[in-house]
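With PDB, C-alpha atoms inside, this is protein38.pdb:
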```
ATOM      1  CA  MET N  15     -19.996 -25.349  -0.622
ATOM      2  CA  ASP N  16     -19.277 -21.625  -0.248
ATOM      3  CA  THR N  17     -19.268 -21.900   3.539
ATOM      4  CA  PHE N  18     -16.860 -24.822   3.279
ATOM      5  CA  LEU N  19     -14.574 -22.853   0.934
ATOM      6  CA  LEU N  20     -14.753 -19.831   3.222
ATOM      7  CA  MET N  21     -13.644 -21.992   6.146
ATOM      8  CA  VAL N  22     -10.819 -23.530   4.094
ATOM      9  CA  HIS N  23      -9.764 -20.025   3.055
ATOM     10  CA  GLY N  24      -9.803 -18.878   6.684
ATOM     11  CA  ILE N  25      -7.849 -21.901   7.958
ATOM     12  CA  LEU N  26      -5.204 -21.536   5.241
ATOM     13  CA  ALA N  27      -4.944 -17.844   6.132
ATOM     14  CA  VAL N  28      -4.312 -18.759   9.785
ATOM     15  CA  PHE N  29      -1.455 -21.088   8.769
ATOM     16  CA  LEU N  30      -0.022 -18.401   6.503
ATOM     17  CA  LEU N  31      -0.367 -15.752   9.171
ATOM     18  CA  GLY N  32       1.407 -17.965  11.697
ATOM     19  CA  ALA N  33       4.308 -18.743   9.370
ATOM     20  CA  LEU N  34       4.787 -15.154   8.236
ATOM     21  CA  THR N  35       4.455 -13.639  11.700
ATOM     22  CA  HIS N  36       7.083 -16.042  13.058
ATOM     23  CA  GLN N  37       9.380 -15.170  10.180
ATOM     24  CA  ALA N  38       8.794 -11.409  10.465
ATOM     25  CA  PHE N  39       9.558 -11.413  14.198
ATOM     26  CA  ALA N  40      12.645 -13.535  13.569
ATOM     27  CA  VAL N  41      14.074 -11.000  11.093
ATOM     28  CA  ALA N  42      12.888  -7.787  12.754
ATOM     29  CA  TRP N  43      13.586  -8.537  16.409
ATOM     30  CA  LYS N  44      16.312 -11.095  16.890
ATOM     31  CA  PRO N  45      16.501 -12.484  20.452
ATOM     32  CA  ALA N  46      19.536 -11.638  22.556
ATOM     33  CA  ARG N  47      22.000 -14.421  23.278
ATOM     34  CA  GLY N  48      20.878 -16.398  26.307
ATOM     35  CA  ASP N  49      17.371 -14.939  26.304
ATOM     36  CA  GLN N  50      15.119 -17.875  27.195
ATOM     37  CA  ASN N  51      11.670 -16.387  27.759
ATOM     38  CA  PHE N  52       8.599 -17.238  25.671
ATOM     39  CA  PHE N  53       8.883 -14.247  23.306
ATOM     40  CA  ALA N  54      12.563 -14.862  22.692
ATOM     41  CA  ASN N  55      11.798 -18.467  21.777
ATOM     42  CA  TYR N  56       8.974 -17.289  19.525
ATOM     43  CA  ARG N  57      11.472 -15.123  17.623
ATOM     44  CA  ALA N  58      14.324 -17.631  17.675
ATOM     45  CA  VAL N  59      13.115 -19.646  14.685
ATOM     46  CA  ARG N  60      15.093 -20.471  11.552
ATOM     47  CA  ALA N  61      13.335 -17.975   9.328
ATOM     48  CA  GLU N  62      14.609 -19.438   6.051
ATOM     49  CA  ARG N  63      12.728 -22.678   6.777
ATOM     50  CA  TYR N  64       9.373 -20.908   6.307
ATOM     51  CA  VAL N  65       9.925 -19.683   2.740
ATOM     52  CA  THR N  66       8.496 -22.571   0.713
ATOM     53  CA  ALA N  67       5.551 -23.008   3.092
ATOM     54  CA  VAL N  68       4.748 -19.292   2.847
ATOM     55  CA  VAL N  69       4.854 -19.329  -0.962
ATOM     56  CA  VAL N  70       2.651 -22.441  -1.258
ATOM     57  CA  LEU N  71       0.176 -21.304   1.425
ATOM     58  CA  TYR N  72      -0.081 -17.833  -0.085
ATOM     59  CA  LEU N  73      -0.740 -19.159  -3.598
ATOM     60  CA  VAL N  74      -3.411 -21.619  -2.445
ATOM     61  CA  THR N  75      -5.096 -19.068  -0.146
ATOM     62  CA  TYR N  76      -5.047 -16.446  -2.919
ATOM     63  CA  PHE N  77      -6.533 -18.888  -5.428
ATOM     64  CA  VAL N  78      -9.357 -19.961  -3.107
ATOM     65  CA  GLY N  79     -10.144 -16.361  -2.125
ATOM     66  CA  GLY N  80      -9.650 -14.617  -5.438
ATOM     67  CA  PHE N  81     -10.964 -17.180  -7.891
ATOM     68  CA  LEU N  82     -13.381 -19.445  -6.014
ATOM     69  CA  LEU N  83     -14.933 -17.036  -3.494
ATOM     70  CA  TYR N  84     -14.510 -13.496  -4.832
ATOM     71  CA  PRO N  85     -16.839 -13.784  -7.895
ATOM     72  CA  GLU N  86     -19.763 -14.683  -5.664
ATOM     73  CA  TYR N  87     -18.932 -11.845  -3.256
ATOM     74  CA  ARG N  88     -18.929  -9.483  -6.229
ATOM     75  CA  TYR N  89     -22.533 -10.163  -7.307
ATOM     76  CA  LEU N  90     -24.136 -11.336  -4.041
ATOM     77  CA  ALA N  91     -22.510  -9.621  -1.060
ATOM     78  CA  ARG N  92     -21.126  -6.369  -2.421
ATOM     79  CA  PRO N  93     -24.378  -5.054  -3.971
ATOM     80  CA  LEU N  94     -26.105  -5.723  -0.649
ATOM     81  CA  LEU N  95     -23.391  -3.913   1.319
ATOM     82  CA  GLU N  96     -23.626  -0.992  -1.112
ATOM     83  CA  GLN N  97     -27.403  -0.810  -0.675
ATOM     84  CA  LEU N  98     -26.839  -0.689   3.081
ATOM     85  CA  HIS N  99     -24.336   2.172   2.529
ATOM     86  CA  LYS N 100     -21.544   0.209   4.197
ATOM     87  CA  ASN N 101     -19.032   2.026   2.049
ATOM     88  CA  ALA N 102     -16.101   1.713   4.438
ATOM     89  CA  ILE N 103     -16.571  -2.066   4.508
ATOM     90  CA  VAL N 104     -16.724  -2.302   0.707
ATOM     91  CA  GLY N 105     -13.746   0.052   0.376
ATOM     92  CA  SER N 106     -11.705  -1.960   2.872
ATOM     93  CA  PHE N 107     -12.400  -5.092   0.870
ATOM     94  CA  GLU N 108     -11.460  -3.340  -2.383
ATOM     95  CA  ILE N 109      -8.132  -2.440  -0.788
ATOM     96  CA  LYS N 110      -7.758  -6.053   0.327
ATOM     97  CA  GLU N 111      -8.159  -7.213  -3.272
ATOM     98  CA  HIS N 112      -5.203  -5.065  -4.329
ATOM     99  CA  PHE N 113      -3.105  -5.687  -1.222
ATOM    100  CA  MET N 114      -3.410  -9.445  -1.698
ATOM    101  CA  THR N 115      -2.349  -9.012  -5.319
ATOM    102  CA  VAL N 116       0.670  -6.975  -4.206
ATOM    103  CA  GLY N 117       1.464  -9.864  -1.851
ATOM    104  CA  VAL N 118       1.234 -12.563  -4.513
ATOM    105  CA  VAL N 119       3.385 -10.444  -6.818
ATOM    106  CA  LEU N 120       6.002 -10.088  -4.075
ATOM    107  CA  LEU N 121       6.405 -13.877  -3.821
ATOM    108  CA  PRO N 122       8.983 -14.161  -6.652
ATOM    109  CA  VAL N 123      11.243 -11.488  -5.151
ATOM    110  CA  TYR N 124      10.623 -12.867  -1.648
ATOM    111  CA  TRP N 125      11.733 -16.316  -2.826
ATOM    112  CA  TYR N 126      14.745 -14.854  -4.658
ATOM    113  CA  LEU N 127      15.900 -12.866  -1.617
ATOM    114  CA  TRP N 128      15.571 -15.777   0.796
ATOM    115  CA  LYS N 129      17.196 -18.341  -1.523
ATOM    116  CA  ASN N 130      20.148 -16.030  -2.223
ATOM    117  CA  PRO N 131      21.530 -15.098   1.228
ATOM    118  CA  GLN N 132      24.239 -12.864  -0.297
ATOM    119  CA  THR N 133      21.545 -10.413  -1.482
ATOM    120  CA  SER N 134      20.357  -7.368   0.449
ATOM    121  CA  THR N 135      19.355  -8.202   4.028
ATOM    122  CA  MET N 136      17.416  -4.953   4.216
ATOM    123  CA  ALA N 137      15.342  -5.870   1.119
ATOM    124  CA  ARG N 138      14.740  -9.396   2.453
ATOM    125  CA  ASN N 139      13.546  -8.106   5.821
ATOM    126  CA  LEU N 140      11.436  -5.387   4.208
ATOM    127  CA  VAL N 141       9.663  -7.786   1.828
ATOM    128  CA  THR N 142       8.994 -10.217   4.690
ATOM    129  CA  ILE N 143       7.551  -7.496   6.919
ATOM    130  CA  VAL N 144       5.423  -5.997   4.115
ATOM    131  CA  LEU N 145       4.094  -9.447   3.224
ATOM    132  CA  THR N 146       3.208 -10.028   6.875
ATOM    133  CA  LEU N 147       1.389  -6.688   7.168
ATOM    134  CA  LEU N 148      -0.543  -7.354   3.955
ATOM    135  CA  VAL N 149      -1.668 -10.781   5.157
ATOM    136  CA  TRP N 150      -2.707  -9.378   8.559
ATOM    137  CA  TYR N 151      -4.725  -6.698   6.755
ATOM    138  CA  GLY N 152      -6.397  -9.283   4.526
ATOM    139  CA  PHE N 153      -7.170 -11.536   7.475
ATOM    140  CA  ILE N 154      -8.760  -8.791   9.575
ATOM    141  CA  VAL N 155     -10.717  -7.200   6.731
ATOM    142  CA  GLY N 156     -11.926 -10.599   5.535
ATOM    143  CA  HIS N 157     -13.386 -11.227   8.966
ATOM    144  CA  LEU N 158     -14.888  -7.730   9.158
ATOM    145  CA  VAL N 159     -16.642  -8.161   5.809
ATOM    146  CA  ASN N 160     -17.809 -11.673   6.590
ATOM    147  CA  ASN N 161     -19.211 -10.569   9.941
ATOM    148  CA  SER N 162     -20.131  -6.966   9.176
ATOM    149  CA  ARG N 163     -23.821  -7.444   9.944
ATOM    150  CA  GLY N 164     -22.975  -9.078  13.266
ATOM    151  CA  PHE N 165     -20.480  -6.367  14.181
ATOM    152  CA  GLY N 166     -23.033  -3.700  13.307
ATOM    153  CA  ILE N 167     -20.490  -1.690  11.304
TER     154      ILE N 167
ATOM    155  CA  MET C   6      18.430 -17.081 -19.698
ATOM    156  CA  SER C   7      18.119 -17.426 -15.895
ATOM    157  CA  LEU C   8      14.710 -17.798 -14.247
ATOM    158  CA  THR C   9      16.166 -16.835 -10.864
ATOM    159  CA  ARG C  10      17.428 -13.512 -12.246
ATOM    160  CA  ALA C  11      14.030 -12.818 -13.794
ATOM    161  CA  LEU C  12      12.109 -13.179 -10.508
ATOM    162  CA  PRO C  13      12.814  -9.753  -8.909
ATOM    163  CA  VAL C  14      12.220  -8.062 -12.273
ATOM    164  CA  PHE C  15       8.869  -9.840 -12.617
ATOM    165  CA  SER C  16       7.789  -8.574  -9.182
ATOM    166  CA  ALA C  17       8.896  -4.989  -9.843
ATOM    167  CA  ALA C  18       7.373  -4.861 -13.345
ATOM    168  CA  PHE C  19       4.087  -6.383 -12.197
ATOM    169  CA  LEU C  20       3.777  -3.911  -9.308
ATOM    170  CA  ILE C  21       4.247  -0.954 -11.675
ATOM    171  CA  VAL C  22       2.043  -2.246 -14.509
ATOM    172  CA  TYR C  23      -0.742  -3.363 -12.175
ATOM    173  CA  ALA C  24      -0.871   0.060 -10.494
ATOM    174  CA  ILE C  25      -1.156   1.763 -13.890
ATOM    175  CA  VAL C  26      -3.798  -0.537 -15.411
ATOM    176  CA  MET C  27      -5.835  -0.465 -12.199
ATOM    177  CA  TYR C  28      -5.665   3.327 -11.878
ATOM    178  CA  PHE C  29      -6.648   3.967 -15.506
ATOM    179  CA  ASN C  30      -8.864   0.854 -15.737
ATOM    180  CA  PHE C  31      -7.118  -0.585 -18.796
ATOM    181  CA  ALA C  32      -8.908  -3.931 -18.612
ATOM    182  CA  PRO C  33      -8.549  -6.011 -21.798
ATOM    183  CA  PHE C  34     -11.637  -7.981 -20.791
ATOM    184  CA  SER C  35     -14.395  -7.948 -18.200
ATOM    185  CA  TYR C  36     -16.034 -10.823 -16.377
ATOM    186  CA  TYR C  37     -19.671 -11.119 -15.346
ATOM    187  CA  PRO C  38     -19.513 -13.404 -12.288
ATOM    188  CA  GLN C  39     -23.275 -13.779 -11.999
ATOM    189  CA  VAL C  40     -23.553 -15.540 -15.370
ATOM    190  CA  GLY C  41     -19.906 -16.608 -15.820
ATOM    191  CA  GLN C  42     -19.467 -14.693 -19.089
ATOM    192  CA  PHE C  43     -16.555 -12.680 -20.424
ATOM    193  CA  ALA C  44     -16.749  -9.515 -22.516
ATOM    194  CA  SER C  45     -13.968  -7.664 -24.293
ATOM    195  CA  GLY C  46     -12.725  -4.344 -22.925
ATOM    196  CA  VAL C  47     -14.267  -2.432 -20.045
ATOM    197  CA  ALA C  48     -17.878  -3.628 -20.179
ATOM    198  CA  PRO C  49     -20.559  -1.919 -18.075
ATOM    199  CA  ALA C  50     -22.808  -3.583 -15.501
ATOM    200  CA  SER C  51     -26.011  -4.879 -17.015
ATOM    201  CA  PRO C  52     -29.478  -5.697 -15.583
ATOM    202  CA  THR C  53     -29.369  -9.114 -17.260
ATOM    203  CA  LEU C  54     -25.667  -9.969 -16.809
ATOM    204  CA  GLY C  55     -25.140  -8.332 -13.395
ATOM    205  CA  PRO C  56     -22.063  -6.425 -12.204
ATOM    206  CA  ALA C  57     -18.876  -6.547 -14.265
ATOM    207  CA  MET C  58     -15.456  -7.391 -12.802
ATOM    208  CA  TYR C  59     -12.269  -5.889 -14.242
ATOM    209  CA  TRP C  60      -9.840  -7.356 -11.743
ATOM    210  CA  TYR C  61      -9.099 -10.524 -13.759
ATOM    211  CA  GLY C  62      -8.422  -8.332 -16.794
ATOM    212  CA  TRP C  63      -5.948  -6.211 -14.834
ATOM    213  CA  LEU C  64      -4.247  -9.338 -13.461
ATOM    214  CA  SER C  65      -3.926 -11.005 -16.874
ATOM    215  CA  GLU C  66      -2.626  -7.886 -18.572
ATOM    216  CA  SER C  67      -0.093  -7.186 -15.823
ATOM    217  CA  PHE C  68       1.037 -10.827 -15.802
ATOM    218  CA  VAL C  69       1.700 -10.907 -19.543
ATOM    219  CA  ILE C  70       3.590  -7.585 -19.611
ATOM    220  CA  ALA C  71       5.627  -8.427 -16.479
ATOM    221  CA  ALA C  72       6.435 -11.900 -17.858
ATOM    222  CA  VAL C  73       7.779 -10.398 -21.102
ATOM    223  CA  VAL C  74       9.888  -7.840 -19.197
ATOM    224  CA  ALA C  75      11.151 -10.559 -16.825
ATOM    225  CA  PHE C  76      12.004 -12.878 -19.722
ATOM    226  CA  ILE C  77      14.159 -10.170 -21.297
ATOM    227  CA  ALA C  78      15.732  -9.405 -17.910
ATOM    228  CA  GLY C  79      16.582 -13.098 -17.552
ATOM    229  CA  PHE C  80      19.418 -12.527 -20.023
ATOM    230  CA  ALA C  81      20.841  -9.610 -18.001
ATOM    231  CA  PRO C  82      23.839 -10.022 -15.661
ATOM    232  CA  GLU C  83      23.259 -11.254 -12.089
ATOM    233  CA  ASN C  84      23.905  -7.836 -10.543
ATOM    234  CA  VAL C  85      20.805  -6.463 -12.330
ATOM    235  CA  ALA C  86      18.564  -8.854 -10.402
ATOM    236  CA  SER C  87      20.256  -8.037  -7.098
ATOM    237  CA  ARG C  88      19.785  -4.317  -7.787
ATOM    238  CA  ILE C  89      16.120  -4.690  -8.783
ATOM    239  CA  ALA C  90      15.183  -6.722  -5.670
ATOM    240  CA  PRO C  91      15.384  -3.749  -3.227
ATOM    241  CA  ILE C  92      13.449  -1.619  -5.734
ATOM    242  CA  ALA C  93      10.653  -4.204  -5.767
ATOM    243  CA  ALA C  94      10.681  -4.165  -1.965
ATOM    244  CA  TRP C  95      10.289  -0.368  -1.825
ATOM    245  CA  LEU C  96       7.605  -0.444  -4.551
ATOM    246  CA  SER C  97       5.555  -2.708  -2.296
ATOM    247  CA  VAL C  98       5.841  -0.110   0.480
ATOM    248  CA  LEU C  99       4.581   2.566  -1.929
ATOM    249  CA  ALA C 100       1.708   0.246  -2.893
ATOM    250  CA  ILE C 101       0.529   0.181   0.737
ATOM    251  CA  PHE C 102      -0.114   3.923   0.479
ATOM    252  CA  PHE C 103      -1.147   4.026  -3.198
ATOM    253  CA  TYR C 104      -4.217   1.754  -3.140
ATOM    254  CA  PRO C 105      -5.928   3.332  -0.093
ATOM    255  CA  TRP C 106      -5.319   6.732  -1.704
ATOM    256  CA  VAL C 107      -6.852   5.603  -5.026
ATOM    257  CA  LEU C 108      -9.839   4.101  -3.207
ATOM    258  CA  ARG C 109     -10.261   6.905  -0.653
ATOM    259  CA  ALA C 110     -13.687   7.839  -2.074
ATOM    260  CA  TRP C 111     -15.195   4.805  -0.328
ATOM    261  CA  PHE C 112     -14.286   6.349   3.027
ATOM    262  CA  ILE C 113     -15.029  10.031   2.537
ATOM    263  CA  HIS C 114     -18.478   9.908   0.886
TER     264      HIS C 114
END
```
Would you kindly transcribe this structure into structure tokens?
Amino acid sequence: MDTFLLMVHGILAVFLLGALTHQAFAVAWKPARGDQNFFANYRAVRAERYVTAVVVLYLVTYFVGGFLLYPEYRYLARPLLEQLHKNAIVGSFEIKEHFMTVGVVLLPVYWYLWKNPQTSTMARNLVTIVLTLLVWYGFIVGHLVNNSRGFGI
Amino acid sequence: MSLTRALPVFSAAFLIVYAIVMYFNFAPFSYYPQVGQFASGVAPASPTLGPAMYWYGWLSESFVIAAVVAFIAGFAPENVASRIAPIAAWLSVLAIFFYPWVLRAWFIH
């Protein structure tokens, strides 16, 4: 069951990462008019269309990770990693716990900024980029922790 | 009362309160994941109950305080929400530096 949940968590994270990365590129690096290459098309999405999907995916991914998987990590995996003196791995995951919480807490303001286009564009872009960076961090660290024995770190 | 106006205030208040309760470990309850039991306050790890988690305590406490602040802010004029939104955005940037700094001991020992 835990392996299944871990896979669901990972797949949801991939969807979330895809949606947020598209949106972040769209707001941070708008394509020039007439630019038709692959990267320009990647950035030329309607960023506002991703908002609801991002909020729903983030909440579900956070719930699966934080409430269904994390308790078991806390008493099974973390003590083992501590015994092996893999402090950087444990520390990275501790930071992930807080970064993901910062992300879930940003969702209300993220939703507000995107649903009210007259509000600050700078704040909207900043929240989107921060959310994207947080999710990338969580995704990479999650994989590092899950595979730390295999990576030999 | 406007829920939309309360949203940026909820984010900003939660970010501040969560940083404080996490830093000072003001957990109203602890959770023992190995046995699925709760204990009041900051409970220590135990050989029979296993390690204690404070994270759910921090989350619950921050949620309640931020919800109260946001509820009050819901009665404020619209321009309050639009002014708070950029503050919440910059608080999240500070958070990116704050948590690694608080947890730096994991990397330097």
For this session: Excluding Met6 in chain C and any residue of its chain fewer than 6 positions from it, enumerate the residues within 12 Å of it, using all atoms listed in the file, and give them as a list in words.
Result: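 Once the adjacent positions are removed, what remains is Leu12, Ala75, Phe76, Ile77, Ala78, Gly79, Phe80, Ala81, Pro82 and Glu83 of chain C.
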For this session: Just need the residues of chain C within 6 Å of chain N, counting all atoms listed in the file, so spit them out as a VMD selection string.
Result: chain C and resid 12 to 13 16 38 to 39 91 94 111 to 112
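Here CA of Ala57 in chain C and CA of Gln42 in chain C stand 9.5 Å from one another.
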Exercise. Which residue, C:Val73, C:Ala24, C:Phe19, C:Pro56, has the smallest gap to Leu99 in chain C when you use all atoms listed in the file?
Worked result: C:Ala24
Exercise. When you draw a straight line from CA of Ser65 in chain C to CA of Tyr23 in chain C, how long is it in Å?
Worked result: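 Between CA of Ser65 in chain C and CA of Tyr23 in chain C the gap is 9.5 Å.
Considering only C-alpha atoms, the residue among C:Ala86, C:Leu108, C:Ala50, C:Ala100 positioned nearest to Thr9 in chain C is C:Ala86.
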As JSON, please: the centre and edge lengths in Å, to one decimal, of an axis-aligned box enclosing every listed atom of range 92-101 of chain C with 8 Å added on each side.
```
{"center_x": 7.0, "center_y": -0.8, "center_z": -2.5, "size_x": 28.9, "size_y": 22.8, "size_z": 22.5}
```
Exercise: Lys44 in chain N partners within 10 Å, all atoms listed in the file, chain neighbours under 6 positions left out, as a PDB file with C-alpha atoms, in the frame of the given file:
```pdb
ATOM      1  CA  ALA N  38       8.794 -11.409  10.465  1.00  0.00           C
ATOM      2  CA  ALA N  54      12.563 -14.862  22.692  1.00  0.00           C
ATOM      3  CA  ASN N  55      11.798 -18.467  21.777  1.00  0.00           C
ATOM      4  CA  TYR N  56       8.974 -17.289  19.525  1.00  0.00           C
ATOM      5  CA  ARG N  57      11.472 -15.123  17.623  1.00  0.00           C
ATOM      6  CA  ALA N  58      14.324 -17.631  17.675  1.00  0.00           C
ATOM      7  CA  VAL N  59      13.115 -19.646  14.685  1.00  0.00           C
TER       8      VAL N  59
END
```
